[in-house]
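> Below is a structure I'd like to ask you about.
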Amino acid sequence: MLEIHQNGDSPSHNGFRRVRFGEFEADLRTGEIRKAGSRVKLQDQPFKVLQILLENPGNVVSREELQSRIWPDDSYGDFDHAVNVAVGKLRTALGDSAENPSFVETVPRRGYRFVATVDSPPALPPASASPIAAGPDGEQQSRYRFKSRRLVFVSLIIIVCAALLGAGVWLGRRSARLQPAQIQRLSVMRGTVYSARFAPDGQNVIYAASWEGAPVEIFSKNPSFHGSRSLGLMGTDLLAVSSSGEMAVLQPATPQFMTGMTGTLGEVPLTGGTPRQLAENADWADWSPDGKTLAVVHDVAGKERLEFPLGHVLYETSGWISHVRVSPNGREIAFLDHPILNDDQGGVSVVDLAGKKMLLSTGWESEEGLAWSPSGKEVWFSATRAGLQHQVYAVDLSGHLRLAFRSLGGVTLQDIAPDGQVLMTRDDHRAAIMGEAPGAKKELDLSWQDWSLPVDISRDGKSLLFDEQGEQSGPNYTVAMRDMTGSPPVALGDGMAGDFSPDGKWVAATVSYAQLVLLPTGAGTIRRINRGDIQQYEEGIHWLPDGKQILFTGNYTGRAAQCFVQSIDGGSPRAVTPEGINACQISPDGKLIAASDMKKSGAQLYPMDSGTPRAIPGLLAGETVQWTSDPNVLYVYQHGKSSIRAFRINILTGQRKFFKEIAVPEGPGVCEMTHVLFTLDGSAYAYGYTRLLSDLYLVTGLR
C-alpha cells in the first residue's frame with residue numbers, strides 16, 4: 001500500500017517519482033510504465049487513470065473524479081465511453097481482467113479501485129541550494145541582490161496581470177458556453193409519448209401519445225398556453241410534419257419494439273380529417289424539406305427498405321431501420337441502423353441519394369431518437385453504451401462525436417426546430433415478468449431488475465429462465481433463473497438465454513450473438529460450442545428431445561438466416577432449412593420444425609429430414625406459435641398491447657380450441673405484451689410486458 005504521510009498526502013505528492021506494483025513500475029513524472037525493465041506502451045489518458053488510482057490505493061475512485069481530473073472541460077463529448085476505453089486500455093497494458101481483476105477492480109455504480117499491493121521507493125532528497133558566494137565587494141553584491149529582487153517583482157506583476165486577463169477571457173467564454181439550458185414541461189398526463197414534431201408555424205408542437213391507458217392519438221400543443229388539443233386521430237401514430245403542414249401518420253398503429261409502430265402510411269393535414277393511404281407495412285417516414293416527397297422505411301419480403309421517394313430503394317437490411325430523417329438540404333437521409341431484429345443496439349448511418357451509405361457512430365447498446373441540427377452539419381441522437389439511460393449526442397459527417405445534453409435519467413430526442421429549440425422526452429422504461437405456477441391461484445411478479453424478459457419455463461413448471469438487460473446487467477446481458485413461486489433469482493452467466501435442457505441441468509445461451517455457450521444451472525463449468533462458419537446467431541435456442549443436440553437460427557457470412565442443428569459434444573452446425581427461415585422451434589417428438597419464412601406471413605412446418613415444408617391449416621396471419629406436449633398440436637395467439645387470447649390448433653385438421661386469455665396489470669404506459677410462454681402441458685405460464693412512462697419537454701439553449 002502507498003504510505004500516507006502525516007500531512008495527508010500520498011507519496012506521489014511527497015516526492016516519490018516511481019511506484020511499484022506486481023511486476024510493474026510506474027514513473028509518475030515521466031508518464032512511463034515498465035515491466036521487468038522494459039517499457040510498456042500506454043497512452044496518456046490511460047496512464048492518468050492509473051496515476052489517480054495509485055494515489056488512492058484500496059479506495060474507490062469515482063468516475064466523476066476521473067472526469068474532473070482528466071477531462072475537466074464540461075463540453076467534452078462522450079465521457080462515459082472515454083472512461084471505458086481508457087480503463088480498458090489500462091487493463092490491456094497490465095494484462096488485467098475485469099472479471100478477475102489483479103489490479104483494477106470495477107465497483108458497480110461507483111467507480112474503480114486499485115486492489116494490488118503498492119510499494120514506493122524512498123523520496124529523493126531535495127537538491128541543496130547553492131548560495132551566491134560572498135565577494136570581496138559587499139556593496140556591489142547588495143546592489144546586485146536589489147536589482148534582482150526588483151526584476152523579479154516587476155516580472156511577477158506582469159505575470160499576474162496576464163494571468164488575470166487570460167482568466168477573465170477564459171471565464172467569460174466558459175460562462176457563455178455553460179449558460180444553463182431552459183427547460184419547459186409540455187405534458188402533464190400519465191402515459192407514453194411516442195413521437196413529437198415542431199409545427200411549421202414555429203408556435204405549436206404536434207405529438208402522438210397514449211394517456212392513462214387510452215389508445216395512441218395525435219395532439220397539438222402551444223407551449224404558451226395550458227392544455228393540449230386532440231386532432232381527432234385515434235389509433236394513429238405521428239411520423240413527420242412537413243413544411244407545408246401535412247402530417248405523415250400510421251393508421252392503424254400497431255406497436256412494434258419500444259416506441260416503434262407499424263401500419264399503413266397515410267397523409268393528412270394538420271387541420272385533421274381522414275388520412276390518404278400511401279403504403280402498407282410502413283414503419284417510419286420523414287418529409288423532404290420542400291414537403292413534397294417522403295422517405296419511407298418499408299417492410300418488403302422480410303427485408304427493411306429505406307425508400308426515397310417511395311418505391312426507390314436506397315438501402316436494404318435484414319435487421320431493421322428506425323427514426324429516419326431527411327437532411328435540411330435534402331441530399332442525405334440519416335437513420336438508426338439496427339443489425340438485430342427486436343434489439344435496438346446499433347449505429348447511426350447516413351445514406352445519400354445515390355445509395356452510398358456511411359456509418360457515423362456505432363457500438364451503442366440502445367439507441368432511440370434522431371434529428372438533424374439546423375445547419376445540417378451534425379446528426380443528433382439519443383443512445384447509451386450500456387443500460388437504459390439514453391443521453392443526447394451529436395456526430396458530424398466526419399464521425400466526430402460529442403455529448404450534447406446529459407440528464408439524470410434517460411431522455412429521447414424527438415425533434416430540433418430551425419431556431420435550435422429541441423423536443424425531447426424524459427423516460428422511465430421498464431420490462432416486467434408476470435407468471436403463474438402449476439396449481440397457483442394468481443399471478444406473481446417475477447421480475448428482477450429494470451428490464452427482465454422471460455425466455456423459458458422448465459418442463460415441470462417450477463423454474464423460470466429469463467434475461468436481465470437493464471442498467472446493471474452489462475453490455476452482454478445476464479442469463480438468470482428463479483423459482484416460479486418467487487424465490488430470489490440466480491444469475492447463471494453472461495448472454496441471452498435459449499431453453500432449459502430436457503434434464504434441466506443446462507441452459508443454452510448466446511453471448512453478443514457471436515458465441516453459443518452452455519451454462520450449468522447447478523455445479524459445473526461453462527461450455528463453449530464450436531461456431532463453425534456461423535457469422536451471427538439470432539434469438540431462440542432449443543434443445544432436441546435427446547438432450548444432445550440444439551436447434552438455433554443463424555446465418556453464414558453474407559447469407560440469409562436459416563435453421564441449424566448442432567451436437568453439443570462437437571462437430572459443426574448443419575443447416576436443416578432453406579435460407580430466409582427464422583424463429584425455429586422443434587416439436588416434442590423431434591420430427592418437425594415450426595419456423596417463419598421471412599418472405600411470407602406466418603409459420604410453416606419443416607420436416608427434420610429436409611422434406612417439403614407445409615402450411616399450418618387454420619393458422620391466421622400474424623399469429624405466433626408454440627409447441628404443446630402433443631406433436632400434432634400448437635399453441636397460437638396474436639400479439640397484443642395489453643392482452644392475448646391463446647388457442648390450441650391441430651396441425652393436421654386445423655381445428656382450433658380456446659385455451660386461455662391473459663391480460664397485463666392495469667395502468668398507464670403499457671407499450672406491448674411480449675414473450676408469452678406456456679409449459680408443454682399448459683399447467684404454468686409466464687409473459688413479459690414493457691411499460692414506458694414519459695413526459696414531453698421543450699429545451700432551448702443547447703448547442
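Identifiers in the C-alpha cells: chain A, B, ... in order shown; residue index from 1 per chain; ligand index from 1 in order shown.
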Give me the residues near stretch 681-689 of chain A as a PyMOL selection string, where near means some atom within 6 Å (using only C-alpha atoms) and where sequence neighbours in that chain fewer than 6 positions away do not count.
chain A and resi 431-438+453+461+629+672-675
> Please measure the separation of atom CA of A:Met189 and atom CA of A:Glu217, giving the value in Å to one decimal.
13.4 Å
> Would you mind listing, for every residue of stretch 187-232 of chain A within 12 Å of stretch 281-296 of chain A, the two atoms forming the shortest contact and the distance between them in Å to one decimal, using only C-alpha atoms, sorted by chain and ascending residue number, as a Markdown table?

| residue | atom | partner | partner_atom | distance |
| --- | --- | --- | --- | --- |
| A:Ser195 | CA | A:Trp284 | CA | 11.1 |
| A:Arg197 | CA | A:Asp286 | CA | 10.8 |
| A:Pro200 | CA | A:Gly291 | CA | 10.5 |
> To one decimal place, how far is atom CA of A:Phe198 from atom CA of A:Arg426 in Å?
17.4 Å
> If we count only C-alpha atoms, what is near A:Pro488 at a cut-off of 10 Å, once residues fewer than 6 positions away on the same chain are taken out, given as a PyMOL selection string?
chain A and resi 446+448+481-482
> May I have the residues from that selection written out with N, CA and C atoms, as a PDB file, in the first residue's frame?

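And here is the file that came out, out.pdb:
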ATOM      1  N   LEU A 446     -42.575 -11.735 -11.332  1.00  0.00           N
ATOM      2  CA  LEU A 446     -41.324 -12.491 -11.326  1.00  0.00           C
ATOM      3  C   LEU A 446     -40.163 -11.676 -11.896  1.00  0.00           C
ATOM      4  N   TRP A 448     -36.938  -9.108 -12.003  1.00  0.00           N
ATOM      5  CA  TRP A 448     -35.780  -8.981 -11.125  1.00  0.00           C
ATOM      6  C   TRP A 448     -35.369  -7.512 -11.026  1.00  0.00           C
ATOM      7  N   MET A 481     -32.218 -17.395 -13.587  1.00  0.00           N
ATOM      8  CA  MET A 481     -33.370 -18.275 -13.367  1.00  0.00           C
ATOM      9  C   MET A 481     -33.887 -18.053 -11.953  1.00  0.00           C
ATOM     10  N   ARG A 482     -35.135 -18.389 -11.767  1.00  0.00           N
ATOM     11  CA  ARG A 482     -35.729 -18.309 -10.437  1.00  0.00           C
ATOM     12  C   ARG A 482     -36.907 -19.263 -10.359  1.00  0.00           C
TER      13      ARG A 482
END
> Expressed in Å to a single decimal, how great is the separation between atom CA of A:Asn204 and atom CA of A:Lys221?
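Between these atoms lies a distance of 5.5 Å.
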> Find, counting only C-alpha atoms, the residue in A:Thr478, A:Ser322, A:Ser447, A:Gln203 that gets nearest to A:Phe257.
A:Ser322
> Considering only strand (DSSP E or B) as DSSP defines it on the backbone, what residues of stretch 19-107 of chain A qualify? List them as a VMD selection string.
chain A and resid 19 to 21 24 to 27 32 to 35 38 to 40 60 to 62 104 to 107
> Determine, counting only C-alpha atoms, which protein, DNA and RNA residues have an atom within 8 Å of an atom of A:Gln626; residues of the same chain fewer than 2 positions away are not included. Present the result as a list in words.
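So the residues in contact are Gln585, Thr624, Thr628, Leu634, Tyr635 and Val636 of chain A.
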> Within 12 Å of A:Asn222, counting only C-alpha atoms, which residues show up once you throw out same-chain ones fewer than 4 positions away? Write them as a list in words, please.
Gln184, Arg185, Leu186, Ser187, Phe198, Ala199, Asp201, Gly202, Gln203, Asn204, Val205, Ile206, Tyr207, His226, Gly227, Ser228, Arg229 and Leu698 of chain A
> As an NGL selection string, please: the residues near A:Gly524 (cut-off 12 Å, only C-alpha atoms, same-chain neighbours under 6 positions excluded).
:A and (492 or 505-507 or 518)
> Counting only C-alpha atoms, which residue out of A:Glu316, A:Glu23, A:Asp597, A:Asp695 sits closest to A:Val188?
A:Asp695
> Could you check which of A:Gly495, A:Gly22, A:Pro578, A:Pro180 is closest to A:Ser102, using only C-alpha atoms?
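When distances to A:Ser102 are compared using only C-alpha atoms, the smallest one comes from A:Gly22.
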> Please identify all polymer residues within 7 Å of A:Gly532, counting only C-alpha atoms, omitting same-chain residues fewer than 2 positions from it, and present them as JSON, numbers by chain.
{"A": [530, 534, 572, 573]}
